[in-house]
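Okay, structure first, notes after.
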Amino acid sequence: MLDQTSLEHLVRTVGPHEVYNLGAQSFVGSSWGQPILTGDVTGLGVTRILEAIRSVDKSIRFYQASSSEMFGKVHETPQRESTPLHPRSPYGVAKAYGHYMTANYRESYDMYACSGILFNHESPRRGLEFVTRKITDGVARIKLGLAHELRLGNLDAKRDWGFAGDYVEAMWMMLQQDAPEDYVVATGETHSVREFVEIAFSRVGLNWEDHVVIDPKFYRPAEVDLLLGDPTRARKELGWEPKMSFQELTETMIDSDMRRVSLLGGQAPSLVRISA
Ligand SMILES: Nc1nc2c(ncn2[C@@H]2O[C@H](COP(=O)(O)OP(=O)(O)O[C@H]3O[C@H](CO)[C@@H](O)[C@H](O)[C@@H]3O)[C@@H](O)[C@H]2O)c(=O)[nH]1
């Protein structure tokens with residue numbers, strides 16, 4: 001992690017017009033085990049970048065990757081920009097801090113600083129510790145005879161899952177406006193982990209109930225039960241629309257892992273060494 005002086009030096013040397021802060025300890029599950037590191041990187045890291053921009057060139061536009069995890073124990077459904085925050089993990093709390101600091105720099109220093117409140121966004125490049133990729137990688141291993149079971153936690157959790165590529169487009173659009181504003185970026189649909197599992201197994205002709213084992217090790221100390229975003233503001237003001245459906249996203253991920261695991265076999269990096 002860069003200290004303040006190095007960050008300022010970097011901003012001065014590169015001279016960017018726009019800065020996108022996607023840096024974080026981003027795995028919610030690990031944030032209970034590493035609450036201080038998570039607060040430092042995911043929370044204070046935002047202020048370090050904002051301070052570097054403020055001291056070098058206040059005209060640089062800043063994007064903060066805020067998260068739907070900030071809504072936590074949700075106060076209303078669907079969640080929109082005005083929904084009160086109620087984070088349920090050290091990760092969610094750190095993101096809420098970064099979110100408010102971004103708004104604070106916008107209001108205090110007249111900087112073009114804004115947050116995208118992004119709901120879960122997935123792709124074949126998703127880390128293996130996150131549930132979607134853990135499932136698609138696990139299904140491919142089972143189908144190709146490298147594993148027999150897939151151990152998961154809470155299948156009832158519901159998420160508003162979209163395609164990461166669509167969401168990156170929204171981030172860029174947010175920095176091209178006349179004035180900075182925070183936006184919810186979501187599909188407006190919610191699905192359970194169980195539904196994701198069903199689609200992934202059926203794509204390769206398997207029955208999920210023959211292979212999924214519920215392991216309490218993967219339950220979280222506090223769960224976010226339901227996330228469903230309302231992207232009306234992004235639709236109206238940015239003209240943004242998600243292009244990939246939930247079904248297509250799941251199938252794209254499973255097809256990609258089938259290709260990868262077929263090619264690399266037992267050499268394909270797996271979750272065996274990661275306790276997620
Ligand atoms: N990781 C994981 N999650 C599981 C498992 N079994 C069930 N789940 C459930 O699956 C849901 C999604 O978990 P993750 O994929 O780890 O994502 P997340 O906690 O929703 O956080 C992601 O989305 C946020 C946006 O809302 C991001 O901010 C965050 O960085 C991350 O990308 C959670 O409710 C979790 O309890 C499992 O074995 N592993």
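Identifiers in the structure tokens: chain A, B, ... in order shown; residue index from 1 per chain; ligand index from 1 in order shown.
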- [ ] Please check which protein, DNA or RNA residues sit within 7 Å of ligand 1, counting only C-alpha atoms and all ligand atoms, and write them as a PyMOL selection string.
- [x] chain A and resi 26-29+67-69+118-121+129-132+134+151-155+157-159+193+218-220+223-225+276
Can those selected residues be exported to a file as a PDB file, in the first residue's frame so that it contains C-alpha atoms?
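part06.pdb, written as the output of this step:
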```pdb
ATOM      1  CA  SER A  26     -12.867  -6.717  -1.142  1.00  0.00           C
ATOM      2  CA  PHE A  27     -13.787 -10.142   0.239  1.00  0.00           C
ATOM      3  CA  VAL A  28     -16.531  -9.648   2.829  1.00  0.00           C
ATOM      4  CA  GLY A  29     -15.879 -13.054   4.414  1.00  0.00           C
ATOM      5  CA  SER A  67     -20.712  -1.086  -2.487  1.00  0.00           C
ATOM      6  CA  SER A  68     -24.241  -2.373  -1.979  1.00  0.00           C
ATOM      7  CA  GLU A  69     -22.806  -4.116   1.109  1.00  0.00           C
ATOM      8  CA  LEU A 118     -22.212  -1.092  -7.254  1.00  0.00           C
ATOM      9  CA  PHE A 119     -24.219  -4.214  -6.595  1.00  0.00           C
ATOM     10  CA  ASN A 120     -22.454  -7.574  -7.101  1.00  0.00           C
ATOM     11  CA  HIS A 121     -20.750  -7.685 -10.484  1.00  0.00           C
ATOM     12  CA  GLU A 129     -13.266 -16.992  -3.242  1.00  0.00           C
ATOM     13  CA  PHE A 130     -16.499 -15.238  -4.307  1.00  0.00           C
ATOM     14  CA  VAL A 131     -19.557 -17.439  -4.435  1.00  0.00           C
ATOM     15  CA  THR A 132     -20.361 -17.243  -8.168  1.00  0.00           C
ATOM     16  CA  LYS A 134     -16.496 -20.757  -6.502  1.00  0.00           C
ATOM     17  CA  ARG A 151     -19.136 -27.099  -0.061  1.00  0.00           C
ATOM     18  CA  LEU A 152     -21.127 -23.894   0.367  1.00  0.00           C
ATOM     19  CA  GLY A 153     -22.691 -21.788   3.120  1.00  0.00           C
ATOM     20  CA  ASN A 154     -26.000 -19.892   3.003  1.00  0.00           C
ATOM     21  CA  LEU A 155     -27.904 -20.726  -0.193  1.00  0.00           C
ATOM     22  CA  ALA A 157     -28.880 -15.162   0.420  1.00  0.00           C
ATOM     23  CA  LYS A 158     -30.178 -13.089  -2.492  1.00  0.00           C
ATOM     24  CA  ARG A 159     -28.068 -10.793  -4.622  1.00  0.00           C
ATOM     25  CA  VAL A 193     -27.355 -18.373  -4.340  1.00  0.00           C
ATOM     26  CA  PHE A 218     -19.029 -20.742   5.253  1.00  0.00           C
ATOM     27  CA  TYR A 219     -21.773 -18.998   7.225  1.00  0.00           C
ATOM     28  CA  ARG A 220     -20.929 -15.413   8.134  1.00  0.00           C
ATOM     29  CA  GLU A 223     -25.455 -12.014   6.820  1.00  0.00           C
ATOM     30  CA  VAL A 224     -26.791  -9.581   4.246  1.00  0.00           C
ATOM     31  CA  ASP A 225     -29.961 -11.457   3.329  1.00  0.00           C
ATOM     32  CA  ALA A 276     -13.330 -19.293   1.415  1.00  0.00           C
TER      33      ALA A 276
END
```
### Task
Extract, using only C-alpha atoms, all DNA, RNA and protein residues at most 9 Å from stretch 249-264 of chain A, discarding same-chain residues fewer than 5 positions from it, and format them as a ChimeraX atom specification.
/A:122-125,132-133,135-141,143-144,161-163,196,199-201,203-204,244,269
Please produce a file of the residues just selected, as a PDB file, in the first residue's frame, where the atoms kept are N, CA and C atoms.
```pdb
ATOM      1  N   GLU A 122     -20.029  -9.629 -11.683  1.00  0.00           N
ATOM      2  CA  GLU A 122     -19.309 -10.897 -11.862  1.00  0.00           C
ATOM      3  C   GLU A 122     -18.831 -11.042 -13.295  1.00  0.00           C
ATOM      4  N   SER A 123     -17.889 -11.963 -13.477  1.00  0.00           N
ATOM      5  CA  SER A 123     -17.420 -12.306 -14.822  1.00  0.00           C
ATOM      6  C   SER A 123     -16.539 -13.547 -14.683  1.00  0.00           C
ATOM      7  N   PRO A 124     -16.081 -14.118 -15.795  1.00  0.00           N
ATOM      8  CA  PRO A 124     -15.165 -15.264 -15.683  1.00  0.00           C
ATOM      9  C   PRO A 124     -13.866 -14.883 -14.975  1.00  0.00           C
ATOM     10  N   ARG A 125     -13.580 -13.595 -14.811  1.00  0.00           N
ATOM     11  CA  ARG A 125     -12.342 -13.191 -14.150  1.00  0.00           C
ATOM     12  C   ARG A 125     -12.538 -12.944 -12.653  1.00  0.00           C
ATOM     13  N   THR A 132     -20.026 -16.877  -6.782  1.00  0.00           N
ATOM     14  CA  THR A 132     -20.361 -17.243  -8.168  1.00  0.00           C
ATOM     15  C   THR A 132     -19.229 -18.050  -8.799  1.00  0.00           C
ATOM     16  N   ARG A 133     -18.029 -17.543  -8.656  1.00  0.00           N
ATOM     17  CA  ARG A 133     -16.873 -18.211  -9.291  1.00  0.00           C
ATOM     18  C   ARG A 133     -16.536 -19.511  -8.568  1.00  0.00           C
ATOM     19  N   ILE A 135     -18.672 -21.438  -7.354  1.00  0.00           N
ATOM     20  CA  ILE A 135     -19.643 -22.403  -7.885  1.00  0.00           C
ATOM     21  C   ILE A 135     -19.245 -22.850  -9.298  1.00  0.00           C
ATOM     22  N   THR A 136     -18.942 -21.895 -10.193  1.00  0.00           N
ATOM     23  CA  THR A 136     -18.679 -22.302 -11.586  1.00  0.00           C
ATOM     24  C   THR A 136     -17.393 -23.119 -11.690  1.00  0.00           C
ATOM     25  N   ASP A 137     -16.389 -22.750 -10.900  1.00  0.00           N
ATOM     26  CA  ASP A 137     -15.144 -23.535 -10.883  1.00  0.00           C
ATOM     27  C   ASP A 137     -15.418 -24.933 -10.309  1.00  0.00           C
ATOM     28  N   GLY A 138     -16.199 -24.980  -9.224  1.00  0.00           N
ATOM     29  CA  GLY A 138     -16.513 -26.259  -8.577  1.00  0.00           C
ATOM     30  C   GLY A 138     -17.316 -27.168  -9.498  1.00  0.00           C
ATOM     31  N   VAL A 139     -18.287 -26.596 -10.201  1.00  0.00           N
ATOM     32  CA  VAL A 139     -19.110 -27.391 -11.117  1.00  0.00           C
ATOM     33  C   VAL A 139     -18.236 -27.974 -12.221  1.00  0.00           C
ATOM     34  N   ALA A 140     -17.338 -27.162 -12.765  1.00  0.00           N
ATOM     35  CA  ALA A 140     -16.462 -27.649 -13.849  1.00  0.00           C
ATOM     36  C   ALA A 140     -15.600 -28.802 -13.343  1.00  0.00           C
ATOM     37  N   ARG A 141     -15.056 -28.674 -12.129  1.00  0.00           N
ATOM     38  CA  ARG A 141     -14.215 -29.739 -11.572  1.00  0.00           C
ATOM     39  C   ARG A 141     -15.009 -31.037 -11.374  1.00  0.00           C
ATOM     40  N   LYS A 143     -17.803 -31.916 -13.010  1.00  0.00           N
ATOM     41  CA  LYS A 143     -18.165 -32.454 -14.331  1.00  0.00           C
ATOM     42  C   LYS A 143     -16.978 -33.165 -14.973  1.00  0.00           C
ATOM     43  N   LEU A 144     -15.766 -32.642 -14.751  1.00  0.00           N
ATOM     44  CA  LEU A 144     -14.591 -33.216 -15.404  1.00  0.00           C
ATOM     45  C   LEU A 144     -13.901 -34.271 -14.534  1.00  0.00           C
ATOM     46  N   TRP A 161     -27.165  -9.624  -9.143  1.00  0.00           N
ATOM     47  CA  TRP A 161     -25.903  -9.916  -9.833  1.00  0.00           C
ATOM     48  C   TRP A 161     -25.916  -9.386 -11.264  1.00  0.00           C
ATOM     49  N   GLY A 162     -24.894  -8.610 -11.621  1.00  0.00           N
ATOM     50  CA  GLY A 162     -24.764  -8.142 -12.997  1.00  0.00           C
ATOM     51  C   GLY A 162     -23.396  -8.493 -13.553  1.00  0.00           C
ATOM     52  N   PHE A 163     -23.188  -8.122 -14.810  1.00  0.00           N
ATOM     53  CA  PHE A 163     -21.929  -8.418 -15.508  1.00  0.00           C
ATOM     54  C   PHE A 163     -20.940  -7.266 -15.292  1.00  0.00           C
ATOM     55  N   PHE A 196     -28.457 -19.648  -8.555  1.00  0.00           N
ATOM     56  CA  PHE A 196     -27.196 -19.639  -9.307  1.00  0.00           C
ATOM     57  C   PHE A 196     -26.646 -21.062  -9.404  1.00  0.00           C
ATOM     58  N   ILE A 199     -28.688 -23.246 -11.930  1.00  0.00           N
ATOM     59  CA  ILE A 199     -28.395 -22.967 -13.347  1.00  0.00           C
ATOM     60  C   ILE A 199     -27.021 -23.524 -13.722  1.00  0.00           C
ATOM     61  N   ALA A 200     -26.047 -23.317 -12.822  1.00  0.00           N
ATOM     62  CA  ALA A 200     -24.678 -23.748 -13.140  1.00  0.00           C
ATOM     63  C   ALA A 200     -24.603 -25.272 -13.319  1.00  0.00           C
ATOM     64  N   PHE A 201     -25.230 -26.028 -12.407  1.00  0.00           N
ATOM     65  CA  PHE A 201     -25.180 -27.500 -12.521  1.00  0.00           C
ATOM     66  C   PHE A 201     -25.973 -27.973 -13.734  1.00  0.00           C
ATOM     67  N   ARG A 203     -26.498 -26.503 -16.481  1.00  0.00           N
ATOM     68  CA  ARG A 203     -25.792 -26.178 -17.736  1.00  0.00           C
ATOM     69  C   ARG A 203     -24.905 -27.343 -18.196  1.00  0.00           C
ATOM     70  N   VAL A 204     -24.369 -28.109 -17.217  1.00  0.00           N
ATOM     71  CA  VAL A 204     -23.492 -29.227 -17.598  1.00  0.00           C
ATOM     72  C   VAL A 204     -24.193 -30.585 -17.389  1.00  0.00           C
ATOM     73  N   MET A 244     -26.197  -7.735 -20.062  1.00  0.00           N
ATOM     74  CA  MET A 244     -26.167  -9.196 -19.926  1.00  0.00           C
ATOM     75  C   MET A 244     -27.149  -9.681 -18.853  1.00  0.00           C
ATOM     76  N   PRO A 269      -5.493 -23.447 -10.968  1.00  0.00           N
ATOM     77  CA  PRO A 269      -5.531 -22.971  -9.588  1.00  0.00           C
ATOM     78  C   PRO A 269      -6.913 -23.222  -8.995  1.00  0.00           C
TER      79      PRO A 269
END
```
Report task. Please give the complete set of residues from stretch 22-244 of chain A that DSSP, run on the backbone, assigns to strand (DSSP E), formatted as a PyMOL selection string. Result -> chain A and resi 61-67+113-118+121-122+150-152+158-159+162-163+183-185+191-192+212-214
Within 8 Å of stretch 38-51 of chain A, counting only C-alpha atoms, which residues show up once you throw out same-chain ones fewer than 6 positions away? Write them as a ChimeraX atom specification, please.
/A:1,3-4,7,21,23-26,31,62,64,90-91,93-98,101-102,105
Selection to disk with C-alpha atoms, as a compact mmCIF listing (two decimals), in the first residue's frame:
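Okay, out-v3.txt is ready:
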```txt
# COMPACT_ATOMS: atom_id res chain seq x y z
CA MET A 1 0.00 0.00 0.00
CA ASP A 3 1.95 6.06 1.73
CA GLN A 4 0.73 9.63 1.33
CA LEU A 7 0.69 8.67 -3.71
CA ASN A 21 -10.37 3.80 -6.92
CA GLY A 23 -8.60 -0.82 -4.54
CA ALA A 24 -9.85 -2.67 -1.47
CA GLN A 25 -9.70 -5.75 0.68
CA SER A 26 -12.87 -6.72 -1.14
CA SER A 31 -13.12 -8.82 6.77
CA PHE A 62 -12.38 10.89 -8.80
CA GLN A 64 -14.99 5.71 -5.64
CA PRO A 90 -16.13 -4.69 8.78
CA TYR A 91 -15.96 -4.50 4.98
CA VAL A 93 -18.39 -0.32 7.50
CA ALA A 94 -15.11 0.55 5.75
CA LYS A 95 -16.95 1.09 2.45
CA ALA A 96 -19.46 3.37 4.19
CA TYR A 97 -16.57 5.45 5.54
CA GLY A 98 -15.05 5.77 2.03
CA MET A 101 -15.46 10.78 2.70
CA THR A 102 -15.94 11.01 -1.06
CA TYR A 105 -14.47 16.07 -0.36
```
- [ ] Please report, as a ChimeraX atom specification, each residue of stretch 57-195 of chain A to which DSSP assigns alpha helix (DSSP H) when run on this structure's backbone.
- [x] /A:90-109,131-143,164-174,193-195
Grab the residues selected above and save them as an mmCIF file, in the first residue's frame with C-alpha atoms.
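File part09.cif, as written:
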```
data_model
loop_
_atom_site.group_PDB
_atom_site.id
_atom_site.type_symbol
_atom_site.label_atom_id
_atom_site.label_comp_id
_atom_site.auth_asym_id
_atom_site.auth_seq_id
_atom_site.Cartn_x
_atom_site.Cartn_y
_atom_site.Cartn_z
ATOM 1 C CA PRO A 90 -16.132 -4.685 8.781
ATOM 2 C CA TYR A 91 -15.957 -4.500 4.983
ATOM 3 C CA GLY A 92 -19.353 -2.771 4.760
ATOM 4 C CA VAL A 93 -18.395 -0.315 7.499
ATOM 5 C CA ALA A 94 -15.112 0.546 5.747
ATOM 6 C CA LYS A 95 -16.954 1.085 2.451
ATOM 7 C CA ALA A 96 -19.462 3.374 4.192
ATOM 8 C CA TYR A 97 -16.568 5.451 5.538
ATOM 9 C CA GLY A 98 -15.051 5.770 2.032
ATOM 10 C CA HIS A 99 -18.468 6.646 0.620
ATOM 11 C CA TYR A 100 -19.019 9.477 3.068
ATOM 12 C CA MET A 101 -15.456 10.779 2.704
ATOM 13 C CA THR A 102 -15.943 11.013 -1.065
ATOM 14 C CA ALA A 103 -19.121 13.053 -0.577
ATOM 15 C CA ASN A 104 -17.295 15.155 1.998
ATOM 16 C CA TYR A 105 -14.471 16.071 -0.363
ATOM 17 C CA ARG A 106 -17.034 16.926 -3.038
ATOM 18 C CA GLU A 107 -18.907 19.234 -0.680
ATOM 19 C CA SER A 108 -15.907 20.701 1.186
ATOM 20 C CA TYR A 109 -13.473 21.292 -1.677
ATOM 21 C CA VAL A 131 -19.557 -17.439 -4.435
ATOM 22 C CA THR A 132 -20.361 -17.243 -8.168
ATOM 23 C CA ARG A 133 -16.873 -18.211 -9.291
ATOM 24 C CA LYS A 134 -16.496 -20.757 -6.502
ATOM 25 C CA ILE A 135 -19.643 -22.403 -7.885
ATOM 26 C CA THR A 136 -18.679 -22.302 -11.586
ATOM 27 C CA ASP A 137 -15.144 -23.535 -10.883
ATOM 28 C CA GLY A 138 -16.513 -26.259 -8.577
ATOM 29 C CA VAL A 139 -19.110 -27.391 -11.117
ATOM 30 C CA ALA A 140 -16.462 -27.649 -13.849
ATOM 31 C CA ARG A 141 -14.215 -29.739 -11.572
ATOM 32 C CA ILE A 142 -17.079 -32.075 -10.698
ATOM 33 C CA LYS A 143 -18.165 -32.454 -14.331
ATOM 34 C CA ALA A 164 -18.745 -6.578 -14.489
ATOM 35 C CA GLY A 165 -18.166 -5.301 -18.043
ATOM 36 C CA ASP A 166 -21.510 -3.465 -18.011
ATOM 37 C CA TYR A 167 -20.690 -1.931 -14.635
ATOM 38 C CA VAL A 168 -17.302 -0.602 -15.735
ATOM 39 C CA GLU A 169 -19.112 1.276 -18.481
ATOM 40 C CA ALA A 170 -21.326 2.911 -15.832
ATOM 41 C CA MET A 171 -18.242 3.956 -13.822
ATOM 42 C CA TRP A 172 -16.765 5.681 -16.862
ATOM 43 C CA MET A 173 -20.092 7.390 -17.666
ATOM 44 C CA MET A 174 -20.237 8.762 -14.125
ATOM 45 C CA VAL A 193 -27.355 -18.373 -4.340
ATOM 46 C CA ARG A 194 -29.460 -21.544 -4.775
ATOM 47 C CA GLU A 195 -30.755 -20.316 -8.156
#
```
Please provide as a PDB file with N, CA and C atoms, in the first residue's frame all residues within 6 Å of A:His86, with the sequence filter that same-chain residues fewer than 2 positions apart are discarded (counting only C-alpha atoms).
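Listed below is the output, out-v6.pdb:
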```
ATOM      1  N   PHE A  71     -25.588  -1.268   2.416  1.00  0.00           N
ATOM      2  CA  PHE A  71     -27.008  -1.304   2.797  1.00  0.00           C
ATOM      3  C   PHE A  71     -27.279  -2.396   3.831  1.00  0.00           C
ATOM      4  N   GLY A  72     -26.450  -3.432   3.817  1.00  0.00           N
ATOM      5  CA  GLY A  72     -26.461  -4.472   4.852  1.00  0.00           C
ATOM      6  C   GLY A  72     -27.825  -4.985   5.244  1.00  0.00           C
ATOM      7  N   LYS A  73     -28.241  -4.651   6.455  1.00  0.00           N
ATOM      8  CA  LYS A  73     -29.571  -5.057   6.929  1.00  0.00           C
ATOM      9  C   LYS A  73     -30.537  -4.023   6.357  1.00  0.00           C
TER      10      LYS A  73
END
```
For A:Glu18, the closest of A:Ser6, A:Ser89, A:Asn207, A:Gln176 counting only C-alpha atoms is A:Gln176
Shortest contact to A:Ala52, candidates A:Val19, A:Val212, A:Val74, A:Leu37, atoms counted only C-alpha atoms, goes to A:Val19
Correct to one decimal, the distance atom CA of A:Gly229-atom CA of A:Thr77 is 7.7 Å
Which neighbours of A:Ala65 fall inside 8 Å, counting only C-alpha atoms, when residues of the same chain fewer than 3 positions from it are skipped, and could you give them as a ChimeraX atom specification?
/A:20-22,115-118
(request) Measuring atom to atom with only C-alpha atoms, identify which of A:Met111, A:Leu150, A:Leu128, A:Leu85 is nearest to A:Leu175. (result)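 Result for the nearest residue to A:Leu175: A:Met111.
Distances here use only C-alpha atoms; by that measure, the residue among A:Gly239, A:Pro87, A:Gly15, A:Gly205 closest to A:Met70 is A:Pro87.
Minimum atom-to-atom distances from A:Glu8, A:Asp210, A:Glu241, A:Asp57 to A:Val184 were compared using only C-alpha atoms, and the lowest value belongs to A:Glu241.
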Taken to one decimal, the atom CA of A:Gln34-atom CA of A:Glu149 distance is 28.6 Å
